[in-house]
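Shown next, in structure tokens, is the structure this report addresses.
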Amino acid sequence: FGYAAVPIQFEDHFERSEMDKTAAAERKQAAAIPGVFVIHTAAGPHEDFMRDVVRQVAKLGCVAFAVDMFGIREQRPPTSREKYQLMELFRQKPPHLMRARLHAALEAFRNFEQGALRVDTQRMGAIGYCFGGSCTMELARMAPDGIRACVSFHGVLDESSDKSESPAIAANVLCFHGDRDPLTTPAALQRFERDMERRNPPSFSVRRFESCMHGFTRPDKVTAEDAAGGMQYDREAAELAWNETKRFLQQHLTIERHSDSEM
């Protein structure tokens, strides 16, 4: 199966930080095709798990962009200290840094072109995991032109901290949540649902898995130590979530169905 993988640098115009982004798509594609952001966990964009997600999204028949929200120049995961500092920056209210980097990624995505391969800027979507799920929900709240579908997998969910504006959401929104996830409390989930509903997206749904913890899509989270930290893989939930995500993206981005994209 052939892919085009392209590293792209972009600046966020917030602190002039350069980020890398990798685009993956079938080489055989010629016309403008849908594009999907893939936004990483708090562990950064260089995990094997996230690389595999990018490949699987590309197999759906679209350009998959692995967005680097952290901007670490070396091709490596963040250190514990870096991760703590980055999360503190992204937790600042209102979310200026997160929005600045999402804006920068959007502009790079819209202008992406390699040979005959182009992104259809009216058929774009985003999926994110953990921290990346928070980013995809913030992207939906930004209501940018052309973003039609946003998906969160065990995202850290809450209402928006930006009270200055509340534009109607143009994207269809789908979230997968484990009820035993310690990173999103029941109260935070309720606040998130109210915040999203008042923004009136075309469609909005939270799929809840009663027995699941945080990170339930990750096959590497299987140890007792993981479970003690509130993270545990659940194969059935992961497969259900991915299959529904494929249908969701195919429907809202009008992607031609491919049969070989499985997680």
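Order determines the names: the first chain of the structure tokens is A, the second B, and so forth; residues in each chain are numbered 1 upward, and ligands are numbered 1 upward as they are shown.
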Could you name the residues that touch Gly146 of chain A at 6 Å or less, counting only C-alpha atoms, but leaving out those on the same chain fewer than 5 positions away, as a PyMOL selection string? chain A and resi 121-124
Keeping N, CA and C atoms, export the residues of the selection given above as a CSV table (one decimal), in the first residue's frame.
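In the end it all went to out36.csv:
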chain,number,residue,atom,x,y,z
A,121,THR,N,-10.3,21.6,0.6
A,121,THR,CA,-10.4,22.5,1.8
A,121,THR,C,-11.8,22.6,2.3
A,122,GLN,N,-12.8,22.1,1.6
A,122,GLN,CA,-14.1,22.1,2.1
A,122,GLN,C,-14.5,20.7,2.6
A,123,ARG,N,-13.6,19.8,2.7
A,123,ARG,CA,-13.9,18.4,3.2
A,123,ARG,C,-12.7,18.1,4.1
A,124,MET,N,-12.6,18.7,5.3
A,124,MET,CA,-11.6,18.5,6.2
A,124,MET,C,-12.2,18.0,7.6
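With distances restricted to only C-alpha atoms, A:Cys135 is the closest residue to Asp68 of chain A from A:Thr217, A:Arg91, A:Cys135, A:Asp120.
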Members of segment 29-252 of chain A assigned alpha helix (DSSP H) by DSSP, as a ChimeraX atom specification: /A:48-59,80-90,96-110,131-142,186-198,224-228,235-252
All residues 10 Å or closer to Val119 of chain A, only C-alpha atoms, same chain fewer than 3 positions away omitted, as a PyMOL selection string: chain A and resi 31-36+62-64+109-114+122-124
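Of the residues listed (A:Ala227, A:Leu249, A:Leu183, A:Ala42), A:Ala42 shows the shortest atom-to-atom separation from Gly132 of chain A; distances use only C-alpha atoms.
The environment of Asp195 of chain A within 7 Å, counting only C-alpha atoms and disregarding residues fewer than 4 places along the same chain, consists of Glu159, Arg191 and Arg199 of chain A.
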Extract, using only C-alpha atoms, all DNA, RNA and protein residues at most 8 Å from Cys175 of chain A, discarding same-chain residues fewer than 3 positions from it, and format them as a ChimeraX atom specification. /A:151-155,205-207
Would you output that residue set with all heavy atoms, as a PDB file, in the first residue's frame?
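result.pdb written:
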ATOM      1  N   VAL A 151     -13.521  14.311  15.882  1.00  0.00           N
ATOM      2  CA  VAL A 151     -13.688  13.112  16.706  1.00  0.00           C
ATOM      3  C   VAL A 151     -12.681  13.140  17.854  1.00  0.00           C
ATOM      4  O   VAL A 151     -11.499  13.422  17.651  1.00  0.00           O
ATOM      5  CB  VAL A 151     -13.477  11.820  15.879  1.00  0.00           C
ATOM      6  CG1 VAL A 151     -13.728  10.585  16.740  1.00  0.00           C
ATOM      7  CG2 VAL A 151     -14.374  11.816  14.647  1.00  0.00           C
ATOM      8  N   SER A 152     -13.153  12.820  19.051  1.00  0.00           N
ATOM      9  CA  SER A 152     -12.294  12.713  20.235  1.00  0.00           C
ATOM     10  C   SER A 152     -12.341  11.294  20.776  1.00  0.00           C
ATOM     11  O   SER A 152     -13.418  10.740  20.996  1.00  0.00           O
ATOM     12  CB  SER A 152     -12.758  13.699  21.316  1.00  0.00           C
ATOM     13  OG  SER A 152     -12.145  13.411  22.562  1.00  0.00           O
ATOM     14  N   PHE A 153     -11.142  10.716  20.987  1.00  0.00           N
ATOM     15  CA  PHE A 153     -11.018   9.417  21.658  1.00  0.00           C
ATOM     16  C   PHE A 153     -10.446   9.667  23.048  1.00  0.00           C
ATOM     17  O   PHE A 153      -9.345  10.195  23.188  1.00  0.00           O
ATOM     18  CB  PHE A 153     -10.064   8.494  20.896  1.00  0.00           C
ATOM     19  CG  PHE A 153     -10.533   8.109  19.525  1.00  0.00           C
ATOM     20  CD1 PHE A 153     -10.195   8.891  18.430  1.00  0.00           C
ATOM     21  CD2 PHE A 153     -11.290   6.970  19.319  1.00  0.00           C
ATOM     22  CE1 PHE A 153     -10.602   8.547  17.155  1.00  0.00           C
ATOM     23  CE2 PHE A 153     -11.701   6.617  18.043  1.00  0.00           C
ATOM     24  CZ  PHE A 153     -11.361   7.398  16.962  1.00  0.00           C
ATOM     25  N   HIS A 154     -11.183   9.260  24.064  1.00  0.00           N
ATOM     26  CA  HIS A 154     -10.820   9.486  25.472  1.00  0.00           C
ATOM     27  C   HIS A 154     -10.115  10.836  25.659  1.00  0.00           C
ATOM     28  O   HIS A 154      -9.054  10.940  26.284  1.00  0.00           O
ATOM     29  CB  HIS A 154     -10.002   8.334  26.062  1.00  0.00           C
ATOM     30  CG  HIS A 154      -8.968   7.715  25.168  1.00  0.00           C
ATOM     31  ND1 HIS A 154      -7.706   8.253  24.985  1.00  0.00           N
ATOM     32  CD2 HIS A 154      -8.995   6.590  24.410  1.00  0.00           C
ATOM     33  CE1 HIS A 154      -7.019   7.495  24.159  1.00  0.00           C
ATOM     34  NE2 HIS A 154      -7.770   6.474  23.797  1.00  0.00           N
ATOM     35  N   GLY A 155     -10.748  11.884  25.109  1.00  0.00           N
ATOM     36  CA  GLY A 155     -10.217  13.228  25.282  1.00  0.00           C
ATOM     37  C   GLY A 155     -10.441  13.727  26.701  1.00  0.00           C
ATOM     38  O   GLY A 155     -11.318  13.247  27.424  1.00  0.00           O
ATOM     39  N   SER A 205     -22.596  13.764  19.430  1.00  0.00           N
ATOM     40  CA  SER A 205     -22.857  12.529  20.160  1.00  0.00           C
ATOM     41  C   SER A 205     -21.660  12.162  21.020  1.00  0.00           C
ATOM     42  O   SER A 205     -20.513  12.311  20.595  1.00  0.00           O
ATOM     43  CB  SER A 205     -23.159  11.383  19.187  1.00  0.00           C
ATOM     44  OG  SER A 205     -23.430  10.191  19.885  1.00  0.00           O
ATOM     45  N   VAL A 206     -21.937  11.710  22.233  1.00  0.00           N
ATOM     46  CA  VAL A 206     -20.906  11.155  23.121  1.00  0.00           C
ATOM     47  C   VAL A 206     -21.219   9.682  23.315  1.00  0.00           C
ATOM     48  O   VAL A 206     -22.260   9.325  23.877  1.00  0.00           O
ATOM     49  CB  VAL A 206     -20.873  11.866  24.485  1.00  0.00           C
ATOM     50  CG1 VAL A 206     -19.820  11.212  25.390  1.00  0.00           C
ATOM     51  CG2 VAL A 206     -20.576  13.353  24.316  1.00  0.00           C
ATOM     52  N   ARG A 207     -20.341   8.810  22.818  1.00  0.00           N
ATOM     53  CA  ARG A 207     -20.487   7.373  22.997  1.00  0.00           C
ATOM     54  C   ARG A 207     -19.745   6.979  24.278  1.00  0.00           C
ATOM     55  O   ARG A 207     -18.527   7.118  24.367  1.00  0.00           O
ATOM     56  CB  ARG A 207     -19.900   6.622  21.804  1.00  0.00           C
ATOM     57  CG  ARG A 207     -20.573   6.965  20.485  1.00  0.00           C
ATOM     58  CD  ARG A 207     -21.946   6.308  20.381  1.00  0.00           C
ATOM     59  NE  ARG A 207     -22.450   6.398  19.029  1.00  0.00           N
ATOM     60  CZ  ARG A 207     -23.268   7.344  18.594  1.00  0.00           C
ATOM     61  NH1 ARG A 207     -23.660   8.298  19.421  1.00  0.00           N
ATOM     62  NH2 ARG A 207     -23.692   7.353  17.344  1.00  0.00           N
TER      63      ARG A 207
END
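Across A:Ala66, A:Leu60, A:Ala104, A:Ala43, the tightest approach to Arg81 of chain A is made by A:Ala43 when counting only C-alpha atoms.
With only C-alpha atoms as the basis for measurement, A:Lys83 is the residue among A:Lys93, A:Arg101, A:Arg141, A:Lys83 that approaches Gly44 of chain A most closely.
The space between atom CA of Tyr233 of chain A and atom CA of Pro182 of chain A spans 14.5 Å.
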With only C-alpha atoms as the counted atoms, please give the residues lying no more than 8 Å from Thr136 of chain A, apart from itself and same-chain residues fewer than 5 positions off, as an MDAnalysis selection string. chainID A and resid 39 126:128 150:152
Take the residues that were just selected and, keeping N, CA and C atoms, output them as a PDB file, in the first residue's frame.
ATOM      1  N   ILE A  39      -4.285  14.322  15.800  1.00  0.00           N
ATOM      2  CA  ILE A  39      -3.629  15.087  16.865  1.00  0.00           C
ATOM      3  C   ILE A  39      -3.283  14.165  18.023  1.00  0.00           C
ATOM      4  N   ALA A 126     -10.920  16.194  11.753  1.00  0.00           N
ATOM      5  CA  ALA A 126      -9.854  16.044  12.749  1.00  0.00           C
ATOM      6  C   ALA A 126     -10.224  14.944  13.721  1.00  0.00           C
ATOM      7  N   ILE A 127      -9.218  14.146  14.101  1.00  0.00           N
ATOM      8  CA  ILE A 127      -9.390  13.184  15.188  1.00  0.00           C
ATOM      9  C   ILE A 127      -8.246  13.368  16.163  1.00  0.00           C
ATOM     10  N   GLY A 128      -8.525  13.123  17.449  1.00  0.00           N
ATOM     11  CA  GLY A 128      -7.484  13.312  18.445  1.00  0.00           C
ATOM     12  C   GLY A 128      -7.665  12.371  19.620  1.00  0.00           C
ATOM     13  N   CYS A 150     -15.256  16.278  13.586  1.00  0.00           N
ATOM     14  CA  CYS A 150     -14.256  16.266  14.655  1.00  0.00           C
ATOM     15  C   CYS A 150     -14.556  15.101  15.597  1.00  0.00           C
ATOM     16  N   VAL A 151     -13.521  14.311  15.882  1.00  0.00           N
ATOM     17  CA  VAL A 151     -13.688  13.112  16.706  1.00  0.00           C
ATOM     18  C   VAL A 151     -12.681  13.140  17.854  1.00  0.00           C
ATOM     19  N   SER A 152     -13.153  12.820  19.051  1.00  0.00           N
ATOM     20  CA  SER A 152     -12.294  12.713  20.235  1.00  0.00           C
ATOM     21  C   SER A 152     -12.341  11.294  20.776  1.00  0.00           C
TER      22      SER A 152
END
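Among the candidates A:Leu102, A:Met69, A:Ile255, A:Ala149, the one nearest to Leu89 of chain A when counting only C-alpha atoms is A:Met69.
Across the structure, atom CA of Pro202 of chain A and atom CA of Ile169 of chain A are spaced 7.6 Å apart.
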What are the DSSP strand (DSSP E) residues of segment 3-247 of chain A, as number ranges by chain? A: 4-11, 18-25, 32-39, 63-67, 113-114, 117-129, 147-153, 172-178, 204-209
